[in-house]
$ cat data.txt   # compact mmCIF, C-alpha atoms
# COMPACT_ATOMS: atom_id res chain seq x y z
CA MET T 146 -10.10 13.51 -2.48
CA PRO T 147 -12.98 10.98 -2.31
CA ARG T 148 -12.06 7.46 -1.36
CA ASP T 149 -12.56 4.66 -3.88
CA ALA T 150 -15.89 2.91 -3.36
CA GLY T 151 -14.16 -0.48 -3.19
CA VAL T 152 -12.11 0.43 -0.14
CA GLU T 153 -13.37 -0.03 3.40
CA VAL T 154 -11.51 1.78 6.14
CA GLY T 155 -11.18 0.71 9.75
CA VAL T 156 -13.45 -2.33 9.40
CA GLU T 157 -12.71 -5.27 11.69
CA ALA T 158 -9.74 -5.49 13.98
CA GLY T 159 -7.44 -8.17 15.25
CA VAL T 160 -6.97 -6.53 18.65
CA ASP T 161 -7.42 -3.11 20.26
CA ALA T 162 -5.81 -0.16 18.47
CA GLY T 163 -3.13 0.28 21.14
CA PRO T 164 -0.61 3.13 21.39
CA PRO T 165 -0.07 5.87 18.79
CA PRO T 166 1.82 4.78 15.64
CA ARG T 167 5.61 4.86 15.60
CA PRO T 168 7.58 7.19 13.29
CA ARG T 169 7.84 6.14 9.66
CA GLU T 170 10.67 3.89 8.59
CA ALA T 171 13.09 5.07 5.93
CA ALA T 172 12.85 3.62 2.44
CA PRO T 173 15.78 1.45 1.32
CA ALA T 174 18.44 2.85 -0.98
CA ALA T 175 17.48 2.81 -4.65
CA ALA T 176 18.84 -0.36 -6.26
CA LEU T 177 17.98 -2.78 -9.03
CA PRO T 178 16.15 -5.86 -7.72
CA GLY T 179 18.36 -8.93 -7.43
CA ARG T 180 16.23 -11.38 -5.46
CA PHE T 181 12.67 -12.37 -4.60
CA ARG T 182 10.82 -9.75 -2.54
CA LEU T 183 13.82 -7.40 -2.94
CA ASP T 184 15.75 -8.16 0.26
CA ARG T 185 16.65 -11.08 2.49
CA ARG T 186 13.79 -10.26 4.90
CA HIS T 187 11.26 -10.29 2.03
CA THR T 188 9.76 -6.91 2.88
CA GLY T 189 8.81 -6.03 -0.72
CA ARG T 190 10.27 -2.53 -0.28
CA SER T 191 11.89 -0.64 -3.15
CA GLY T 192 13.96 2.54 -3.15
CA TYR T 193 12.32 3.66 -6.39
CA VAL T 194 8.92 5.34 -6.87
CA LEU T 195 5.94 4.05 -8.83
CA PRO T 196 4.65 5.92 -11.88
CA ARG T 197 1.82 8.37 -11.25
CA VAL T 198 0.08 7.58 -14.55
CA PRO T 199 1.41 4.15 -15.58
CA THR T 200 1.48 3.55 -19.33
CA GLU T 201 2.74 0.48 -21.15
CA ARG T 202 6.15 1.13 -22.69
CA ALA T 203 7.39 -2.33 -23.74
CA VAL T 204 6.45 -6.03 -23.79
CA LEU T 205 8.78 -9.03 -23.56
CA ARG T 206 7.10 -12.21 -24.80
CA ALA T 207 7.70 -15.62 -23.23
CA GLY T 208 6.35 -18.94 -24.42
CA HIS T 209 3.97 -19.46 -21.53
CA ARG T 210 2.53 -18.05 -18.33
CA ILE T 211 4.74 -15.93 -16.05
CA SER T 212 4.07 -16.18 -12.31
CA ALA T 213 7.49 -15.14 -10.98
CA GLN T 214 8.97 -11.74 -10.22
CA ALA T 215 11.59 -10.25 -12.55
CA VAL T 216 15.07 -9.28 -11.36
CA ALA T 217 17.97 -7.46 -13.02
CA LEU T 218 21.68 -7.87 -13.62
CA ASP T 219 24.05 -4.97 -12.93
CA ASP T 220 23.67 -3.74 -16.52
CA ALA T 221 19.84 -3.60 -16.09
CA THR T 222 19.26 -6.77 -18.13
CA LEU T 223 15.90 -8.18 -17.00
CA LEU T 224 15.73 -11.85 -15.97
CA PHE T 225 12.53 -13.82 -15.57
CA GLY T 226 11.32 -17.40 -15.82
CA ALA T 227 8.16 -18.78 -17.38
CA HIS T 228 6.11 -21.96 -17.32
CA ASP T 229 7.68 -23.08 -20.60
CA GLY T 230 10.83 -23.86 -18.59
CA VAL T 231 12.85 -21.03 -20.12
CA LEU T 232 14.80 -18.32 -18.29
CA TYR T 233 14.59 -15.13 -20.37
CA ALA T 234 16.94 -12.15 -20.45
CA GLY T 235 15.84 -8.90 -22.04
CA ASP T 236 15.90 -5.15 -21.73
CA LEU T 237 13.46 -2.38 -20.92
CA SER T 238 12.88 -1.68 -24.62
CA GLY T 239 11.30 -5.12 -25.05
CA ALA T 240 14.23 -6.82 -26.81
CA LEU T 241 15.20 -10.34 -25.73
CA ARG T 242 18.97 -10.93 -25.34
CA TRP T 243 19.24 -14.64 -24.52
CA ARG T 244 17.31 -17.66 -23.31
CA ALA T 245 18.30 -20.62 -21.14
CA ASN T 246 16.22 -23.79 -21.33
CA LEU T 247 15.76 -25.25 -17.84
CA VAL T 248 13.50 -28.05 -19.14
CA ASP T 249 10.41 -27.66 -16.94
CA ARG T 250 8.22 -24.93 -15.43
CA ILE T 251 9.87 -22.05 -13.59
CA TYR T 252 7.89 -20.65 -10.66
CA THR T 253 10.93 -19.13 -8.99
CA THR T 254 12.47 -15.69 -9.06
CA PRO T 255 16.18 -15.79 -9.98
CA LEU T 256 18.71 -14.88 -7.31
CA VAL T 257 21.42 -12.58 -8.71
CA THR T 258 24.85 -12.44 -7.05
CA GLU T 259 28.11 -10.76 -8.08
CA SER T 260 29.09 -13.58 -10.43
CA ALA T 261 26.15 -15.94 -10.88
CA VAL T 262 22.40 -16.38 -11.24
CA TYR T 263 20.58 -19.12 -9.29
CA VAL T 264 17.17 -20.40 -10.34
CA GLY T 265 15.17 -23.56 -9.69
CA SER T 266 12.64 -25.37 -11.85
CA ASP T 267 10.19 -28.25 -11.82
CA ALA T 268 12.89 -30.36 -13.51
CA ASP T 269 14.06 -31.13 -9.93
CA ARG T 270 17.14 -28.96 -10.31
CA MET T 271 18.63 -25.81 -8.86
CA VAL T 272 20.86 -24.26 -11.51
CA SER T 273 23.73 -21.79 -11.36
CA LEU T 274 24.24 -19.77 -14.54
CA THR T 275 26.68 -17.13 -15.70
CA PRO T 276 25.31 -13.62 -16.32
CA ARG T 277 25.31 -14.52 -20.05
CA GLY T 278 22.99 -17.48 -19.52
CA HIS T 279 25.42 -20.43 -19.61
CA ILE T 280 24.73 -23.18 -17.07
CA SER T 281 27.66 -23.65 -14.69
CA VAL T 282 26.23 -26.18 -12.20
CA ALA T 283 22.96 -28.09 -12.07
CA LEU T 284 22.19 -29.55 -8.64
CA GLY T 285 19.67 -32.37 -8.59
CA THR T 286 17.03 -31.91 -5.88
CA ASP T 287 14.58 -34.19 -4.09
CA ASP T 288 11.57 -32.70 -5.88
CA ASP T 289 10.44 -29.62 -7.82
CA ALA T 290 12.69 -26.67 -6.95
CA ASP T 291 9.83 -24.22 -7.14
CA THR T 292 10.51 -21.66 -4.41
CA SER T 293 12.86 -18.71 -4.84
CA ALA T 294 16.36 -18.83 -3.37
CA ASN T 295 17.65 -16.38 -0.76
CA ARG T 296 21.17 -15.44 0.29
CA SER T 297 22.58 -14.54 3.69
CA ASP T 298 25.29 -11.99 4.36
CA ASP T 299 27.90 -14.74 4.67
CA GLY T 300 27.16 -15.92 1.12
CA ALA T 301 25.12 -19.02 2.00
CA ILE T 302 22.22 -19.75 -0.36
CA TYR T 303 18.94 -21.21 0.89
CA PHE T 304 16.14 -22.74 -1.17
CA THR T 305 13.54 -25.48 -0.91
CA ALA T 306 12.54 -28.44 -3.05
CA GLY T 307 9.73 -30.77 -2.06
CA ARG T 308 9.92 -31.20 1.71
CA THR T 309 13.59 -30.18 1.97
CA LEU T 310 15.31 -26.92 2.87
CA TYR T 311 18.84 -26.71 1.43
CA ARG T 312 21.83 -24.63 2.41
CA VAL T 313 24.47 -24.51 -0.33
CA ASP T 314 27.66 -22.59 -1.02
CA ALA T 315 28.11 -20.34 -4.04
CA ASP T 316 29.54 -23.29 -6.01
CA MET T 317 26.42 -25.34 -5.11
CA THR T 318 28.20 -27.54 -2.57
CA VAL T 319 25.46 -28.76 -0.23
CA ARG T 320 26.21 -27.93 3.41
CA TRP T 321 23.05 -29.41 4.87
CA ARG T 322 19.48 -30.45 4.19
CA THR T 323 16.59 -30.22 6.66
CA VAL T 324 13.50 -32.30 5.87
CA PHE T 325 10.02 -31.24 7.03
CA GLY T 326 6.68 -32.97 7.42
CA GLY T 327 5.06 -31.48 4.32
CA LYS T 328 5.67 -29.76 1.00
CA LEU T 329 7.47 -26.38 1.15
CA TYR T 330 5.98 -23.77 -1.17
CA SER T 331 7.08 -20.93 1.10
CA ALA T 332 10.29 -19.17 0.02
CA PRO T 333 12.76 -18.84 2.92
CA ALA T 334 13.19 -15.40 4.48
CA LEU T 335 16.20 -14.52 6.63
CA PHE T 336 16.72 -12.81 9.96
CA ASP T 337 19.75 -10.55 10.24
CA ASP T 338 21.62 -13.29 12.13
CA GLY T 339 21.09 -15.81 9.32
CA THR T 340 18.16 -17.67 10.87
CA VAL T 341 15.79 -18.96 8.19
CA VAL T 342 12.01 -18.67 8.54
CA LEU T 343 9.50 -20.39 6.25
CA GLY T 344 6.08 -22.02 6.14
CA CYS T 345 5.15 -25.63 5.44
CA GLN T 346 2.12 -27.61 4.32
CA ASP T 347 2.21 -29.45 7.64
CA ASP T 348 0.41 -26.33 8.97
CA HIS T 349 3.50 -24.91 10.69
CA ILE T 350 5.80 -21.92 10.52
CA TYR T 351 9.44 -22.79 11.25
CA ALA T 352 12.62 -20.96 12.18
CA VAL T 353 15.82 -22.81 11.34
CA ASN T 354 19.29 -22.03 12.71
CA PRO T 355 22.14 -21.41 10.24
CA ASP T 356 23.41 -24.92 11.09
CA GLY T 357 20.13 -26.56 9.96
CA ARG T 358 18.63 -27.26 13.40
CA ILE T 359 15.03 -26.17 13.94
CA ARG T 360 14.96 -23.28 16.42
CA TRP T 361 11.20 -23.07 16.88
CA GLN T 362 7.91 -23.99 15.23
CA PHE T 363 4.45 -22.48 15.41
CA SER T 364 1.22 -24.29 14.53
CA THR T 365 -1.54 -22.68 12.43
CA GLY T 366 -4.88 -24.06 11.33
CA GLY T 367 -3.91 -24.75 7.70
CA ASP T 368 -1.15 -25.08 5.12
CA VAL T 369 1.39 -22.26 5.17
CA ASP T 370 2.27 -21.66 1.50
CA ALA T 371 2.89 -17.94 1.95
CA THR T 372 6.37 -16.47 2.13
CA PRO T 373 7.12 -14.80 5.49
CA ALA T 374 8.19 -11.17 5.77
CA VAL T 375 10.48 -10.19 8.66
CA GLY T 376 10.23 -6.72 10.20
CA ALA T 377 13.19 -4.64 11.35
CA ASP T 378 12.47 -5.75 14.93
CA GLY T 379 12.39 -9.43 13.93
CA THR T 380 8.60 -9.82 13.90
CA VAL T 381 7.53 -12.49 11.39
CA TYR T 382 4.40 -11.79 9.30
CA VAL T 383 2.90 -14.69 7.37
CA GLY T 384 -0.52 -15.92 6.25
CA SER T 385 -2.06 -19.37 6.35
CA ASP T 386 -4.77 -21.38 4.61
CA ASP T 387 -6.74 -21.05 7.84
CA GLY T 388 -7.55 -17.53 6.60
CA ALA T 389 -5.52 -15.61 9.17
CA LEU T 390 -2.46 -13.40 9.04
CA TYR T 391 -0.02 -14.06 11.88
CA ALA T 392 2.58 -11.87 13.58
CA LEU T 393 5.13 -13.82 15.59
CA THR T 394 7.91 -12.59 17.84
CA PRO T 395 11.51 -13.45 16.89
CA ASP T 396 11.36 -16.42 19.27
CA GLY T 397 8.14 -17.79 17.75
CA ALA T 398 5.49 -16.56 20.19
CA LEU T 399 2.19 -15.23 18.89
CA ARG T 400 2.04 -11.43 18.84
CA TRP T 401 -1.32 -11.24 17.07
CA ARG T 402 -3.57 -13.20 14.71
CA THR T 403 -6.12 -11.48 12.45
CA PRO T 404 -8.67 -13.57 10.51
CA LEU T 405 -9.13 -12.21 6.96
CA GLY T 406 -11.71 -14.69 5.70
CA GLY T 407 -9.80 -16.57 2.99
CA TYR T 408 -6.58 -18.34 2.13
CA ILE T 409 -3.44 -16.18 2.29
CA ARG T 410 -0.93 -17.71 -0.10
CA ALA T 411 1.27 -14.79 -1.12
CA GLY T 412 3.87 -12.94 0.88
CA ALA T 413 3.05 -9.76 2.76
CA GLY T 414 4.59 -6.35 2.10
CA LEU T 415 5.81 -4.17 4.96
CA SER T 416 4.80 -0.54 4.54
CA LEU T 417 6.92 2.38 5.72
CA ASP T 418 4.25 3.47 8.23
CA HIS T 419 4.31 0.16 10.12
CA GLY T 420 1.59 -1.53 8.14
CA VAL T 421 1.34 -4.99 6.59
CA VAL T 422 -0.22 -5.37 3.13
CA VAL T 423 -1.45 -8.74 1.91
CA GLY T 424 -3.76 -10.28 -0.68
CA THR T 425 -6.47 -12.77 0.21
CA TYR T 426 -8.59 -15.44 -1.45
CA GLY T 427 -12.39 -15.68 -1.48
CA PRO T 428 -15.18 -15.86 -0.75
CA ARG T 429 -14.25 -12.20 -0.28
CA PRO T 430 -10.98 -11.76 -2.18
CA GLY T 431 -9.12 -8.52 -1.74
CA VAL T 432 -6.10 -6.50 -0.70
CA VAL T 433 -5.84 -5.67 3.00
CA MET T 434 -3.66 -3.27 5.01
CA LEU T 435 -3.23 -4.06 8.69
CA ASP T 436 -1.40 -2.31 11.49
CA ALA T 437 1.88 -4.14 12.06
CA ASP T 438 1.84 -3.54 15.81
CA THR T 439 -1.72 -4.56 16.60
CA GLY T 440 -3.16 -6.51 13.66
CA ALA T 441 -6.06 -4.05 13.34
CA ILE T 442 -7.32 -3.68 9.76
CA ARG T 443 -6.69 -0.19 8.39
CA TRP T 444 -8.37 -0.68 5.00
CA ARG T 445 -9.57 -3.35 2.60
CA HIS T 446 -10.06 -3.22 -1.17
CA SER T 447 -12.37 -5.86 -2.66
CA ILE T 448 -11.42 -7.69 -5.90
CA ALA T 449 -14.08 -8.52 -8.48
CA GLY T 450 -14.63 -12.20 -9.17
CA PRO T 451 -16.47 -15.33 -8.08
CA PRO T 452 -17.01 -15.79 -4.32
CA SER T 453 -14.91 -18.96 -4.38
CA ALA T 454 -12.37 -20.16 -1.84
CA ASP T 455 -10.04 -20.97 -4.75
CA TYR T 456 -10.10 -17.49 -6.33
CA GLY T 457 -7.86 -14.81 -4.96
CA VAL T 458 -4.67 -12.77 -4.94
CA LEU T 459 -1.40 -14.66 -5.52
CA SER T 460 0.76 -11.60 -6.18
CA ALA T 461 2.82 -10.18 -3.34
CA PRO T 462 2.77 -6.38 -2.95
CA LEU T 463 5.50 -3.91 -3.81
CA ILE T 464 6.06 -0.90 -1.53
CA ASP T 465 7.71 2.10 -3.20
CA ALA T 466 9.99 4.75 -1.66
CA GLU T 467 7.03 7.02 -0.89
CA GLY T 468 4.83 4.28 0.60
CA ALA T 469 2.62 3.63 -2.43
CA ILE T 470 1.67 0.00 -3.10
CA ALA T 471 1.46 -2.03 -6.32
CA ILE T 472 -0.02 -5.53 -6.51
CA GLY T 473 -1.27 -7.89 -9.21
CA THR T 474 -4.81 -9.26 -9.06
CA PRO T 475 -6.72 -12.16 -10.67
CA ASP T 476 -9.19 -9.82 -12.42
CA ASP T 477 -6.52 -9.04 -15.07
CA SER T 478 -5.18 -5.97 -13.32
CA VAL T 479 -2.27 -4.34 -11.57
CA LEU T 480 -3.50 -2.00 -8.83
CA ILE T 481 -1.58 0.95 -7.40
CA PHE T 482 -2.72 2.32 -4.04
CA GLU T 483 -1.75 5.29 -1.97
CA GLU T 484 -0.62 4.30 1.50
CA ASP T 485 -4.03 5.16 3.00
CA GLY T 486 -5.89 2.85 0.60
CA ARG T 487 -6.95 5.33 -2.08
CA LEU T 488 -6.73 3.72 -5.51
CA ARG T 489 -4.25 5.66 -7.63
CA ALA T 490 -4.44 3.55 -10.80
CA ARG T 491 -5.76 0.31 -12.24
CA ILE T 492 -3.70 -1.10 -15.10
CA ALA T 493 -5.72 -3.49 -17.26
CA VAL T 494 -3.75 -6.38 -18.80
CA PRO T 495 -4.79 -9.43 -20.89
CA GLY T 496 -4.59 -12.02 -18.11
CA ASP T 497 -4.34 -12.74 -14.40
CA VAL T 498 -1.38 -11.17 -12.61
CA ASP T 499 0.03 -13.65 -10.11
CA ALA T 500 3.60 -12.32 -10.29
CA PRO T 501 4.83 -9.67 -7.84
CA PRO T 502 5.42 -6.26 -9.49
CA VAL T 503 8.91 -4.79 -9.30
CA LEU T 504 10.54 -1.42 -10.02
CA MET T 505 13.60 -1.19 -12.30
CA GLY T 506 14.05 2.53 -11.72
CA ASP T 507 11.95 5.53 -10.80
CA ALA T 508 8.55 5.22 -12.52
CA THR T 509 9.64 2.01 -14.31
CA LEU T 510 7.28 -0.78 -13.26
CA VAL T 511 7.77 -4.34 -14.54
CA VAL T 512 5.31 -7.18 -14.01
CA GLY T 513 4.60 -10.59 -15.53
CA CYS T 514 1.20 -11.80 -16.65
CA ASP T 515 -0.59 -15.09 -17.29
CA ASP T 516 -0.71 -14.26 -21.02
CA GLY T 517 3.03 -14.97 -21.18
CA ALA T 518 4.28 -11.39 -21.29
CA MET T 519 6.54 -9.36 -19.04
CA ARG T 520 5.30 -5.78 -19.30
CA VAL T 521 7.15 -2.53 -18.68
CA PHE T 522 5.15 0.52 -17.57
CA GLY T 523 6.32 4.09 -17.17
CA GLU T 524 5.00 7.62 -17.24
CA PRO T 525 3.26 8.51 -20.52
CA PRO T 526 5.30 10.56 -23.00
CA VAL T 527 2.17 12.42 -24.07
CA ASP T 528 -1.11 10.52 -23.71
CA PRO T 529 -2.18 9.78 -20.10
CA HIS T 530 -5.34 7.86 -21.08
CA SER T 531 -3.95 4.34 -21.61
CA VAL T 532 -4.96 3.34 -18.08
CA VAL T 533 -7.97 4.09 -15.93
CA VAL T 534 -6.93 6.52 -13.21
CA HIS T 535 -9.05 7.34 -10.17
$ encode --input "data.txt" --output "structure tokens"
Amino acid sequence: MPRDAGVEVGVEAGVDAGPPPRPREAAPAAALPGRFRLDRRHTGRSGYVLPRVPTERAVLRAGHRISAQAVALDDATLLFGAHDGVLYAGDLSGALRWRANLVDRIYTTPLVTESAVYVGSDADRMVSLTPRGHISVALGTDDDADTSANRSDDGAIYFTAGRTLYRVDADMTVRWRTVFGGKLYSAPALFDDGTVVLGCQDDHIYAVNPDGRIRWQFSTGGDVDATPAVGADGTVYVGSDDGALYALTPDGALRWRTPLGGYIRAGAGLSLDHGVVVGTYGPRPGVVMLDADTGAIRWRHSIAGPPSADYGVLSAPLIDAEGAIAIGTPDDSVLIFEEDGRLRARIAVPGDVDAPPVLMGDATLVVGCDDGAMRVFGEPPVDPHSVVVH
């Protein structure tokens, strides 16, 4: 099968290729998404498979732009926030069930637990709601609560607002706050032992102990707005405004650094074949797959648009159970790639796609768009021509 003309293979490299690749990792168990980036390590991996010929099946309309990932309750009710300050609940048929007004813009992905939903907003609040959309607790924060919350195995909830990382209990009792030297746009990821890792606009990546003490810090050459992803071996993968993707050991030492030529502001996805997928800004915006062990670039797909440093990919990638990749792009598209970089499908939508795509079941792809719609895609019942397939 010919390779898409927009994909370059084997160009550039962070370091030498190194030893042969390790065996593939297993996909996670199939489950509805309940948090940002699908798990506490923010790998972006799903146990479901992407549609082969994605076709729009339903649209849920919000009042403004959607830049956050959708999640689901146990009954498959979709939850997503929008820039009109409303948390929406709907179903895969496109029907809205309820709305909760959180006053100001919602950039965050809701965190779903057994009995509550946690979501922050630019109203300087982190809110706990019931699964039916009633506000239980509203915790005032130091600044906009605009990064997605995460939860450790012991039930602790972590989120950021302004320059502060919070640890709270399920009832929103604050256990501690840790204040940093810059704004925190990076959503906290978690090691298996409960250590928190996140980036900061003071140009650093930090690891924080479960008691709030900083374990280590690593300096980059620019703001770190991207959300880290943590590998099974504890390697931390995160991009910086200095244009490089970093891999750090669990104790904060540099494993490799690969310059990609533009800001990296979205989280990386960890592929099943030990790759790292990430979107970049201009002047050469694109989607890049790197080798997780060495930092060598496996392939790169260029994104159409102005050669500007402020134009690029804000969506974080989704990795399906077979290794295929879905990612939103600023040229009004959702792209689906095979693991080796071949373009499977381009889904055209009426606006930029800054939100991470998510799967709500096999071949059921859900993604928000800047036109204020959350769209549901599946396999076509009859007509396969509603998207351009390569």
$ residues_around --input "data.txt" --residues "stretch 177-193 of chain T" --least-positions-apart "2" --cutoff "9 Å" --atoms "all atoms listed in the file" --output "ChimeraX atom specification"
/T:172-175,195,213-219,221,253-258,293-298,332-337,372-377,412-417,461-468,501,503-509
$ write_last_selection --input "data.txt" --atoms "C-alpha atoms" --output "PDB file, in the coordinates of the input"
ATOM      1  CA  ALA T 172      12.850   3.620   2.440  1.00  0.00           C
ATOM      2  CA  PRO T 173      15.780   1.450   1.320  1.00  0.00           C
ATOM      3  CA  ALA T 174      18.440   2.850  -0.980  1.00  0.00           C
ATOM      4  CA  ALA T 175      17.480   2.810  -4.650  1.00  0.00           C
ATOM      5  CA  LEU T 195       5.940   4.050  -8.830  1.00  0.00           C
ATOM      6  CA  ALA T 213       7.490 -15.140 -10.980  1.00  0.00           C
ATOM      7  CA  GLN T 214       8.970 -11.740 -10.220  1.00  0.00           C
ATOM      8  CA  ALA T 215      11.590 -10.250 -12.550  1.00  0.00           C
ATOM      9  CA  VAL T 216      15.070  -9.280 -11.360  1.00  0.00           C
ATOM     10  CA  ALA T 217      17.970  -7.460 -13.020  1.00  0.00           C
ATOM     11  CA  LEU T 218      21.680  -7.870 -13.620  1.00  0.00           C
ATOM     12  CA  ASP T 219      24.050  -4.970 -12.930  1.00  0.00           C
ATOM     13  CA  ALA T 221      19.840  -3.600 -16.090  1.00  0.00           C
ATOM     14  CA  THR T 253      10.930 -19.130  -8.990  1.00  0.00           C
ATOM     15  CA  THR T 254      12.470 -15.690  -9.060  1.00  0.00           C
ATOM     16  CA  PRO T 255      16.180 -15.790  -9.980  1.00  0.00           C
ATOM     17  CA  LEU T 256      18.710 -14.880  -7.310  1.00  0.00           C
ATOM     18  CA  VAL T 257      21.420 -12.580  -8.710  1.00  0.00           C
ATOM     19  CA  THR T 258      24.850 -12.440  -7.050  1.00  0.00           C
ATOM     20  CA  SER T 293      12.860 -18.710  -4.840  1.00  0.00           C
ATOM     21  CA  ALA T 294      16.360 -18.830  -3.370  1.00  0.00           C
ATOM     22  CA  ASN T 295      17.650 -16.380  -0.760  1.00  0.00           C
ATOM     23  CA  ARG T 296      21.170 -15.440   0.290  1.00  0.00           C
ATOM     24  CA  SER T 297      22.580 -14.540   3.690  1.00  0.00           C
ATOM     25  CA  ASP T 298      25.290 -11.990   4.360  1.00  0.00           C
ATOM     26  CA  ALA T 332      10.290 -19.170   0.020  1.00  0.00           C
ATOM     27  CA  PRO T 333      12.760 -18.840   2.920  1.00  0.00           C
ATOM     28  CA  ALA T 334      13.190 -15.400   4.480  1.00  0.00           C
ATOM     29  CA  LEU T 335      16.200 -14.520   6.630  1.00  0.00           C
ATOM     30  CA  PHE T 336      16.720 -12.810   9.960  1.00  0.00           C
ATOM     31  CA  ASP T 337      19.750 -10.550  10.240  1.00  0.00           C
ATOM     32  CA  THR T 372       6.370 -16.470   2.130  1.00  0.00           C
ATOM     33  CA  PRO T 373       7.120 -14.800   5.490  1.00  0.00           C
ATOM     34  CA  ALA T 374       8.190 -11.170   5.770  1.00  0.00           C
ATOM     35  CA  VAL T 375      10.480 -10.190   8.660  1.00  0.00           C
ATOM     36  CA  GLY T 376      10.230  -6.720  10.200  1.00  0.00           C
ATOM     37  CA  ALA T 377      13.190  -4.640  11.350  1.00  0.00           C
ATOM     38  CA  GLY T 412       3.870 -12.940   0.880  1.00  0.00           C
ATOM     39  CA  ALA T 413       3.050  -9.760   2.760  1.00  0.00           C
ATOM     40  CA  GLY T 414       4.590  -6.350   2.100  1.00  0.00           C
ATOM     41  CA  LEU T 415       5.810  -4.170   4.960  1.00  0.00           C
ATOM     42  CA  SER T 416       4.800  -0.540   4.540  1.00  0.00           C
ATOM     43  CA  LEU T 417       6.920   2.380   5.720  1.00  0.00           C
ATOM     44  CA  ALA T 461       2.820 -10.180  -3.340  1.00  0.00           C
ATOM     45  CA  PRO T 462       2.770  -6.380  -2.950  1.00  0.00           C
ATOM     46  CA  LEU T 463       5.500  -3.910  -3.810  1.00  0.00           C
ATOM     47  CA  ILE T 464       6.060  -0.900  -1.530  1.00  0.00           C
ATOM     48  CA  ASP T 465       7.710   2.100  -3.200  1.00  0.00           C
ATOM     49  CA  ALA T 466       9.990   4.750  -1.660  1.00  0.00           C
ATOM     50  CA  GLU T 467       7.030   7.020  -0.890  1.00  0.00           C
ATOM     51  CA  GLY T 468       4.830   4.280   0.600  1.00  0.00           C
ATOM     52  CA  PRO T 501       4.830  -9.670  -7.840  1.00  0.00           C
ATOM     53  CA  VAL T 503       8.910  -4.790  -9.300  1.00  0.00           C
ATOM     54  CA  LEU T 504      10.540  -1.420 -10.020  1.00  0.00           C
ATOM     55  CA  MET T 505      13.600  -1.190 -12.300  1.00  0.00           C
ATOM     56  CA  GLY T 506      14.050   2.530 -11.720  1.00  0.00           C
ATOM     57  CA  ASP T 507      11.950   5.530 -10.800  1.00  0.00           C
ATOM     58  CA  ALA T 508       8.550   5.220 -12.520  1.00  0.00           C
ATOM     59  CA  THR T 509       9.640   2.010 -14.310  1.00  0.00           C
TER      60      THR T 509
END
$ residues_near_point --input "data.txt" --point "(-2.5, 0.6, -7.1)" --cutoff "6 Å" --atoms "all atoms listed in the file" --output "ChimeraX atom specification"
/T:470-471,480-482,488-490
$ atom_distance --input "data.txt" --atom1 "atom CA of T:Asp370" --atom2 "atom CA of T:Gly384"
8.0 Å
$ atom_distance --input "data.txt" --atom1 "atom CA of T:Gly285" --atom2 "atom CA of T:Val324"
15.7 Å
